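Asker: Next up, target15.cif (mmCIF, N, CA and C atoms).
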```
data_target
loop_
_atom_site.label_atom_id
_atom_site.label_comp_id
_atom_site.auth_asym_id
_atom_site.auth_seq_id
_atom_site.Cartn_x
_atom_site.Cartn_y
_atom_site.Cartn_z
N MET X 280 105.27 116.62 144.01
CA MET X 280 106.12 115.46 143.77
C MET X 280 107.59 115.84 143.98
N GLU X 281 108.31 115.01 144.69
CA GLU X 281 109.71 115.28 144.96
C GLU X 281 110.55 115.02 143.71
N SER X 282 111.60 115.84 143.55
CA SER X 282 112.53 115.54 142.47
C SER X 282 113.33 114.31 142.86
N SER X 283 113.89 113.63 141.87
CA SER X 283 114.66 112.41 142.19
C SER X 283 115.88 112.75 143.02
N HIS X 284 116.45 113.97 142.83
CA HIS X 284 117.62 114.39 143.61
C HIS X 284 117.27 114.44 145.10
N ILE X 285 116.10 115.04 145.41
CA ILE X 285 115.68 115.15 146.81
C ILE X 285 115.35 113.78 147.37
N SER X 286 114.66 112.94 146.60
CA SER X 286 114.29 111.63 147.14
C SER X 286 115.51 110.74 147.31
N ILE X 287 116.51 110.83 146.43
CA ILE X 287 117.76 110.08 146.61
C ILE X 287 118.44 110.55 147.89
N GLY X 288 118.46 111.86 148.11
CA GLY X 288 119.05 112.39 149.34
C GLY X 288 118.33 111.90 150.58
N ARG X 289 117.02 111.89 150.52
CA ARG X 289 116.23 111.43 151.68
C ARG X 289 116.47 109.95 151.95
N ILE X 290 116.56 109.14 150.90
CA ILE X 290 116.85 107.71 151.07
C ILE X 290 118.21 107.55 151.75
N GLY X 291 119.20 108.33 151.32
CA GLY X 291 120.52 108.27 151.93
C GLY X 291 120.49 108.67 153.40
N GLU X 292 119.77 109.74 153.72
CA GLU X 292 119.66 110.18 155.11
C GLU X 292 118.98 109.13 155.98
N ASP X 293 117.91 108.52 155.45
CA ASP X 293 117.23 107.46 156.19
C ASP X 293 118.17 106.28 156.44
N ALA X 294 118.94 105.92 155.42
CA ALA X 294 119.88 104.79 155.55
C ALA X 294 120.93 105.09 156.61
N VAL X 295 121.45 106.32 156.62
CA VAL X 295 122.47 106.69 157.60
C VAL X 295 121.88 106.69 159.01
N ALA X 296 120.68 107.25 159.18
CA ALA X 296 120.05 107.26 160.51
C ALA X 296 119.86 105.83 161.02
N ASN X 297 119.40 104.94 160.16
CA ASN X 297 119.22 103.54 160.56
C ASN X 297 120.56 102.87 160.87
N HIS X 298 121.58 103.18 160.08
CA HIS X 298 122.93 102.64 160.30
C HIS X 298 123.45 103.08 161.68
N LEU X 299 123.28 104.36 161.98
CA LEU X 299 123.75 104.88 163.26
C LEU X 299 123.00 104.23 164.43
N LYS X 300 121.69 104.06 164.29
CA LYS X 300 120.91 103.39 165.35
C LYS X 300 121.44 101.98 165.61
N ARG X 301 121.71 101.26 164.52
CA ARG X 301 122.24 99.89 164.68
C ARG X 301 123.60 99.88 165.36
N LYS X 302 124.35 100.98 165.23
CA LYS X 302 125.67 101.09 165.85
C LYS X 302 125.60 101.65 167.27
N GLY X 303 124.39 101.84 167.79
CA GLY X 303 124.23 102.29 169.17
C GLY X 303 124.11 103.78 169.37
N TYR X 304 123.95 104.54 168.31
CA TYR X 304 123.76 105.98 168.42
C TYR X 304 122.30 106.28 168.75
N HIS X 305 122.09 107.38 169.46
CA HIS X 305 120.74 107.88 169.72
C HIS X 305 120.52 109.08 168.80
N ILE X 306 119.52 109.02 167.94
CA ILE X 306 119.24 110.11 167.01
C ILE X 306 118.52 111.22 167.78
N LEU X 307 119.14 112.40 167.80
CA LEU X 307 118.56 113.55 168.50
C LEU X 307 117.68 114.39 167.59
N SER X 308 118.10 114.50 166.32
CA SER X 308 117.38 115.35 165.39
C SER X 308 117.73 114.98 163.97
N ARG X 309 116.80 115.25 163.07
CA ARG X 309 117.04 115.08 161.63
C ARG X 309 116.66 116.39 160.94
N ASN X 310 117.46 116.76 159.97
CA ASN X 310 117.18 117.96 159.17
C ASN X 310 116.97 119.20 160.03
N TYR X 311 117.94 119.45 160.92
CA TYR X 311 117.93 120.66 161.75
C TYR X 311 118.25 121.83 160.82
N ARG X 312 117.28 122.75 160.64
CA ARG X 312 117.42 123.81 159.65
C ARG X 312 117.45 125.19 160.28
N LYS X 313 118.33 125.99 159.74
CA LYS X 313 118.35 127.43 159.99
C LYS X 313 118.46 128.08 158.61
N LYS X 314 118.23 129.39 158.53
CA LYS X 314 118.23 130.00 157.20
C LYS X 314 119.60 129.93 156.52
N TRP X 315 120.67 129.74 157.28
CA TRP X 315 122.01 129.70 156.71
C TRP X 315 122.55 128.29 156.52
N GLY X 316 121.82 127.27 156.97
CA GLY X 316 122.34 125.91 156.78
C GLY X 316 121.45 124.85 157.39
N GLU X 317 121.82 123.62 157.13
CA GLU X 317 121.07 122.47 157.62
C GLU X 317 122.04 121.36 158.01
N ILE X 318 121.69 120.66 159.08
CA ILE X 318 122.44 119.48 159.49
C ILE X 318 121.52 118.29 159.27
N ASP X 319 122.00 117.31 158.52
CA ASP X 319 121.15 116.18 158.13
C ASP X 319 120.76 115.30 159.32
N VAL X 320 121.75 114.93 160.13
CA VAL X 320 121.48 114.05 161.28
C VAL X 320 122.31 114.54 162.47
N ILE X 321 121.67 114.63 163.62
CA ILE X 321 122.38 114.92 164.86
C ILE X 321 122.15 113.72 165.77
N ALA X 322 123.25 113.12 166.20
CA ALA X 322 123.16 111.89 166.99
C ALA X 322 124.13 111.96 168.17
N GLU X 323 123.88 111.11 169.17
CA GLU X 323 124.75 111.07 170.35
C GLU X 323 125.15 109.63 170.63
N LYS X 324 126.42 109.48 170.96
CA LYS X 324 126.93 108.18 171.41
C LYS X 324 128.12 108.45 172.33
N ASP X 325 128.14 107.75 173.44
CA ASP X 325 129.24 107.88 174.40
C ASP X 325 129.50 109.33 174.80
N LYS X 326 128.42 110.08 175.01
CA LYS X 326 128.48 111.48 175.46
C LYS X 326 129.13 112.42 174.45
N ILE X 327 129.18 112.01 173.20
CA ILE X 327 129.70 112.86 172.12
C ILE X 327 128.55 113.12 171.14
N ILE X 328 128.35 114.40 170.80
CA ILE X 328 127.35 114.75 169.80
C ILE X 328 128.01 114.67 168.42
N HIS X 329 127.35 113.97 167.52
CA HIS X 329 127.83 113.82 166.14
C HIS X 329 126.90 114.59 165.21
N PHE X 330 127.44 115.59 164.54
CA PHE X 330 126.70 116.32 163.51
C PHE X 330 127.10 115.66 162.20
N VAL X 331 126.13 115.06 161.51
CA VAL X 331 126.44 114.23 160.35
C VAL X 331 125.90 114.88 159.07
N GLU X 332 126.81 115.17 158.16
CA GLU X 332 126.46 115.63 156.82
C GLU X 332 126.41 114.41 155.92
N VAL X 333 125.27 114.18 155.29
CA VAL X 333 125.08 113.00 154.45
C VAL X 333 125.23 113.40 152.99
N LYS X 334 126.09 112.71 152.27
CA LYS X 334 126.29 112.92 150.84
C LYS X 334 125.93 111.62 150.14
N THR X 335 124.89 111.69 149.30
CA THR X 335 124.38 110.49 148.64
C THR X 335 124.51 110.62 147.13
N VAL X 336 124.89 109.55 146.51
CA VAL X 336 124.91 109.49 145.05
C VAL X 336 124.32 108.15 144.63
N SER X 337 123.58 108.16 143.55
CA SER X 337 123.04 106.90 143.05
C SER X 337 123.88 106.43 141.87
N TYR X 338 124.01 105.14 141.77
CA TYR X 338 124.77 104.55 140.67
C TYR X 338 124.17 105.00 139.33
N GLU X 339 122.85 105.12 139.28
CA GLU X 339 122.19 105.52 138.05
C GLU X 339 122.59 106.93 137.64
N THR X 340 122.83 107.80 138.62
CA THR X 340 123.20 109.18 138.34
C THR X 340 124.60 109.29 137.77
N VAL X 341 125.53 108.51 138.29
CA VAL X 341 126.94 108.66 137.91
C VAL X 341 127.43 107.58 136.95
N ARG X 342 126.55 106.68 136.55
CA ARG X 342 126.95 105.57 135.68
C ARG X 342 127.80 106.10 134.52
N GLY X 343 129.00 105.60 134.44
CA GLY X 343 129.89 105.95 133.36
C GLY X 343 130.59 107.29 133.52
N LYS X 344 130.18 108.10 134.48
CA LYS X 344 130.78 109.42 134.67
C LYS X 344 131.87 109.39 135.73
N ILE X 345 131.59 108.73 136.84
CA ILE X 345 132.52 108.70 137.97
C ILE X 345 132.61 107.26 138.47
N PRO X 346 133.81 106.68 138.47
CA PRO X 346 133.92 105.35 139.09
C PRO X 346 133.59 105.46 140.57
N ARG X 347 132.82 104.51 141.09
CA ARG X 347 132.40 104.56 142.49
C ARG X 347 133.57 104.74 143.44
N GLU X 348 134.68 104.11 143.14
CA GLU X 348 135.82 104.13 144.05
C GLU X 348 136.47 105.51 144.13
N THR X 349 136.21 106.38 143.16
CA THR X 349 136.88 107.68 143.16
C THR X 349 135.99 108.81 143.64
N TRP X 350 134.73 108.53 143.96
CA TRP X 350 133.85 109.57 144.46
C TRP X 350 134.18 109.83 145.91
N LEU X 351 134.61 111.04 146.21
CA LEU X 351 135.03 111.41 147.57
C LEU X 351 134.10 112.50 148.11
N PRO X 352 133.11 112.11 148.89
CA PRO X 352 132.12 113.08 149.36
C PRO X 352 132.72 114.17 150.23
N GLU X 353 133.77 113.85 150.94
CA GLU X 353 134.37 114.87 151.81
C GLU X 353 134.88 116.06 151.01
N GLU X 354 135.14 115.87 149.72
CA GLU X 354 135.57 116.98 148.88
C GLU X 354 134.45 118.00 148.69
N ASN X 355 133.22 117.60 148.93
CA ASN X 355 132.08 118.50 148.81
C ASN X 355 131.76 119.22 150.11
N VAL X 356 132.55 118.98 151.15
CA VAL X 356 132.33 119.63 152.44
C VAL X 356 133.56 120.49 152.72
N GLU X 357 133.58 121.66 152.07
CA GLU X 357 134.69 122.59 152.22
C GLU X 357 134.18 124.00 151.94
N GLY X 358 135.02 124.96 152.14
CA GLY X 358 134.69 126.34 151.80
C GLY X 358 133.38 126.81 152.40
N ARG X 359 132.52 127.36 151.53
CA ARG X 359 131.24 127.92 151.98
C ARG X 359 130.36 126.89 152.66
N LYS X 360 130.32 125.68 152.10
CA LYS X 360 129.49 124.61 152.68
C LYS X 360 129.94 124.33 154.11
N LEU X 361 131.24 124.20 154.31
CA LEU X 361 131.78 123.93 155.64
C LEU X 361 131.46 125.09 156.59
N GLY X 362 131.61 126.31 156.10
CA GLY X 362 131.30 127.48 156.92
C GLY X 362 129.85 127.50 157.37
N ARG X 363 128.93 127.18 156.44
CA ARG X 363 127.51 127.13 156.79
C ARG X 363 127.23 126.03 157.81
N LEU X 364 127.87 124.87 157.61
CA LEU X 364 127.69 123.76 158.57
C LEU X 364 128.16 124.18 159.96
N LEU X 365 129.33 124.79 160.03
CA LEU X 365 129.88 125.18 161.33
C LEU X 365 129.02 126.24 162.01
N LYS X 366 128.47 127.18 161.24
CA LYS X 366 127.58 128.18 161.82
C LYS X 366 126.31 127.51 162.35
N THR X 367 125.80 126.54 161.62
CA THR X 367 124.59 125.83 162.05
C THR X 367 124.87 124.99 163.30
N ILE X 368 126.04 124.36 163.34
CA ILE X 368 126.44 123.60 164.54
C ILE X 368 126.54 124.54 165.74
N GLU X 369 127.20 125.68 165.53
CA GLU X 369 127.34 126.65 166.62
C GLU X 369 125.97 127.10 167.13
N THR X 370 125.03 127.31 166.22
CA THR X 370 123.68 127.70 166.61
C THR X 370 123.02 126.61 167.46
N TRP X 371 123.16 125.35 167.03
CA TRP X 371 122.58 124.24 167.79
C TRP X 371 123.20 124.18 169.19
N LEU X 372 124.53 124.31 169.26
CA LEU X 372 125.22 124.25 170.55
C LEU X 372 124.71 125.34 171.49
N LEU X 373 124.51 126.55 170.97
CA LEU X 373 123.99 127.65 171.79
C LEU X 373 122.52 127.43 172.16
N GLU X 374 121.74 127.00 171.19
CA GLU X 374 120.30 126.78 171.42
C GLU X 374 120.05 125.74 172.50
N TYR X 375 120.86 124.69 172.50
CA TYR X 375 120.68 123.61 173.48
C TYR X 375 121.64 123.72 174.67
N GLU X 376 122.36 124.84 174.73
CA GLU X 376 123.29 125.11 175.83
C GLU X 376 124.21 123.93 176.09
N TYR X 377 124.76 123.41 175.00
CA TYR X 377 125.63 122.23 175.08
C TYR X 377 127.08 122.69 175.01
N ASP X 378 127.87 122.28 175.99
CA ASP X 378 129.29 122.65 175.97
C ASP X 378 130.20 121.43 176.08
N GLY X 379 129.66 120.27 175.74
CA GLY X 379 130.45 119.04 175.78
C GLY X 379 131.17 118.76 174.47
N GLU X 380 131.60 117.54 174.34
CA GLU X 380 132.37 117.13 173.16
C GLU X 380 131.44 116.92 171.96
N TRP X 381 131.92 117.34 170.79
CA TRP X 381 131.16 117.16 169.56
C TRP X 381 132.12 116.97 168.40
N GLN X 382 131.57 116.47 167.30
CA GLN X 382 132.37 116.33 166.09
C GLN X 382 131.47 116.39 164.87
N LEU X 383 132.11 116.73 163.74
CA LEU X 383 131.42 116.76 162.45
C LEU X 383 131.86 115.54 161.67
N ASP X 384 130.89 114.73 161.26
CA ASP X 384 131.14 113.52 160.48
C ASP X 384 130.50 113.68 159.10
N VAL X 385 131.05 112.99 158.12
CA VAL X 385 130.44 112.92 156.79
C VAL X 385 130.09 111.46 156.53
N ALA X 386 128.86 111.24 156.09
CA ALA X 386 128.43 109.90 155.70
C ALA X 386 128.30 109.87 154.18
N ALA X 387 129.12 109.04 153.55
CA ALA X 387 129.06 108.87 152.09
C ALA X 387 128.16 107.68 151.80
N VAL X 388 127.14 107.91 150.98
CA VAL X 388 126.19 106.85 150.68
C VAL X 388 126.17 106.62 149.17
N TRP X 389 126.40 105.38 148.78
CA TRP X 389 126.30 104.96 147.38
C TRP X 389 125.05 104.11 147.27
N LEU X 390 124.12 104.49 146.40
CA LEU X 390 122.89 103.73 146.22
C LEU X 390 122.84 103.11 144.83
N ASP X 391 122.39 101.88 144.78
CA ASP X 391 122.06 101.23 143.52
C ASP X 391 120.56 100.98 143.59
N VAL X 392 119.80 101.95 143.13
CA VAL X 392 118.35 101.92 143.27
C VAL X 392 117.76 100.73 142.52
N THR X 393 118.32 100.41 141.36
CA THR X 393 117.81 99.30 140.56
C THR X 393 117.84 97.99 141.34
N HIS X 394 118.93 97.75 142.06
CA HIS X 394 119.09 96.51 142.81
C HIS X 394 118.74 96.67 144.29
N GLU X 395 118.28 97.86 144.67
CA GLU X 395 117.90 98.17 146.05
C GLU X 395 119.00 97.81 147.05
N THR X 396 120.21 98.22 146.72
CA THR X 396 121.34 98.00 147.61
C THR X 396 122.05 99.34 147.82
N GLY X 397 122.94 99.35 148.78
CA GLY X 397 123.70 100.55 149.04
C GLY X 397 124.89 100.27 149.92
N ARG X 398 125.73 101.29 150.03
CA ARG X 398 126.92 101.18 150.87
C ARG X 398 127.12 102.52 151.57
N ILE X 399 127.50 102.46 152.84
CA ILE X 399 127.74 103.67 153.62
C ILE X 399 129.17 103.65 154.12
N LYS X 400 129.84 104.79 153.96
CA LYS X 400 131.18 104.95 154.52
C LYS X 400 131.14 106.17 155.43
N MET X 401 131.50 105.98 156.69
CA MET X 401 131.52 107.08 157.65
C MET X 401 132.92 107.67 157.74
N LEU X 402 133.00 108.97 157.57
CA LEU X 402 134.24 109.72 157.75
C LEU X 402 134.05 110.54 159.02
N GLU X 403 134.70 110.10 160.08
CA GLU X 403 134.44 110.69 161.38
C GLU X 403 135.39 111.82 161.72
N ASN X 404 134.82 112.81 162.41
CA ASN X 404 135.59 113.91 162.98
C ASN X 404 136.47 114.58 161.93
N ILE X 405 135.83 115.12 160.89
CA ILE X 405 136.60 115.68 159.77
C ILE X 405 137.28 117.00 160.11
N ILE X 406 136.92 117.60 161.25
CA ILE X 406 137.58 118.83 161.69
C ILE X 406 138.34 118.51 162.96
N LYS X 407 139.64 118.55 162.86
CA LYS X 407 140.46 118.19 164.03
C LYS X 407 140.67 119.37 164.98
N ASP X 408 140.78 120.57 164.44
CA ASP X 408 141.01 121.75 165.27
C ASP X 408 139.74 122.57 165.36
N LYS X 409 139.06 122.47 166.51
CA LYS X 409 137.80 123.22 166.68
C LYS X 409 138.02 124.39 167.61
#
```
Go through the file and emit its structure as structure tokens.
Answerer:
Amino acid sequence: MESSHISIGRIGEDAVANHLKRKGYHILSRNYRKKWGEIDVIAEKDKIIHFVEVKTVSYETVRGKIPRETWLPEENVEGRKLGRLLKTIETWLLEYEYDGEWQLDVAAVWLDVTHETGRIKMLENIIKDK
């Protein structure tokens, strides 16, 4: 049985993949894993590869602890986490012999499981100097 943390994360990743498809992205891969890191969604649009880190929180988890408006998922993509993501991206680029344009995006997902609603905010190209 999955823990609720993992299932909330999976729901968020599914929502982001569907959101990207509706926006015209082609999903290349989901949960690309190496021993040093994982990329949640890899998608392509307009000849640009988007490596998407999905950060999901449920209203039930943070009720009363964090106002929804102040939760900033990009703050969780720094330091060691960012280093692991970049190493995993570099591995994918080498594995697929890709030398075109790419970017790292963060998808912030807020879920209200009780009401079966959610909101997605895309933070695109969080690394300007590659």
Asker: Grab the CA of Thr335 (chain X) to atom C of Ser286 (chain X) distance for me, in Å with one decimal place.
Answerer: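 Going from CA of Thr335 (chain X) over to atom C of Ser286 (chain X), I get 9.0 Å.
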Asker: What is the distance between CA of Leu373 (chain X) and atom C of Ile290 (chain X), in Å to one decimal?
Answerer: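 Answer for the CA of Leu373 (chain X) to atom C of Ile290 (chain X) separation: 29.0 Å.
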Asker: If the PyMOL selection byres (((chain X and resi 329 and name CA) around 12) and name CA) were run on this exact file, what residues would it hold? Put them as a ChimeraX atom specification.
Answerer: /X:296,299,304-309,318-328,330-332,368,371-372,379-386,401-406
Asker: Could you pull out the helix (DSSP H, G or I) residues of chain X from DSSP and send them as an MDAnalysis selection string?
Answerer: chainID X and resid 283:301 338:341 347:349 352:355 358:374
Asker: I need the strand (DSSP E) residues of chain X per DSSP on the backbone, written as a PyMOL selection string.
Answerer: chain X and resi 305-313+316-324+327-337+381-391+396-402
Asker: What does the distance from CA of His298 (chain X) to CA of Thr367 (chain X) come to in Å, to one decimal?
Answerer: 23.3 Å
Asker: Name the closest residue to Glu292 (chain X) among the candidates X:Val388, X:Gly362, X:Thr370, X:Glu354; distances are taken between atoms, counting only N, CA and C atoms.
Answerer: X:Val388
Asker: For the file shown, what are the residues hit by the PyMOL selection byres ((chain X and resi 399) around 6), laid out as a list in words?
Answerer: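 In the shown coordinates, the PyMOL selection byres ((chain X and resi 399) around 6) covers Ala387, Val388, Trp389, Gly397, Arg398, Lys400 and Met401 of chain X.
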Asker: Mind writing the picked residues with N, CA and C atoms as an mmCIF file, keeping the file's coordinate frame?
Answerer:
```
data_model
loop_
_atom_site.group_PDB
_atom_site.id
_atom_site.type_symbol
_atom_site.label_atom_id
_atom_site.label_comp_id
_atom_site.auth_asym_id
_atom_site.auth_seq_id
_atom_site.Cartn_x
_atom_site.Cartn_y
_atom_site.Cartn_z
ATOM 1 N N ALA X 387 129.120 109.040 153.550
ATOM 2 C CA ALA X 387 129.060 108.870 152.090
ATOM 3 C C ALA X 387 128.160 107.680 151.800
ATOM 4 N N VAL X 388 127.140 107.910 150.980
ATOM 5 C CA VAL X 388 126.190 106.850 150.680
ATOM 6 C C VAL X 388 126.170 106.620 149.170
ATOM 7 N N TRP X 389 126.400 105.380 148.780
ATOM 8 C CA TRP X 389 126.300 104.960 147.380
ATOM 9 C C TRP X 389 125.050 104.110 147.270
ATOM 10 N N GLY X 397 122.940 99.350 148.780
ATOM 11 C CA GLY X 397 123.700 100.550 149.040
ATOM 12 C C GLY X 397 124.890 100.270 149.920
ATOM 13 N N ARG X 398 125.730 101.290 150.030
ATOM 14 C CA ARG X 398 126.920 101.180 150.870
ATOM 15 C C ARG X 398 127.120 102.520 151.570
ATOM 16 N N LYS X 400 129.840 104.790 153.960
ATOM 17 C CA LYS X 400 131.180 104.950 154.520
ATOM 18 C C LYS X 400 131.140 106.170 155.430
ATOM 19 N N MET X 401 131.500 105.980 156.690
ATOM 20 C CA MET X 401 131.520 107.080 157.650
ATOM 21 C C MET X 401 132.920 107.670 157.740
#
```
Asker: I'd like the neighbourhood of Asn355 (chain X) as an MDAnalysis selection string, where a residue qualifies if any of its atoms comes within 10 Å (using only C-alpha atoms), though same-chain residues fewer than 5 positions away should be ignored.
Answerer: chainID X and resid 334 360:361 385
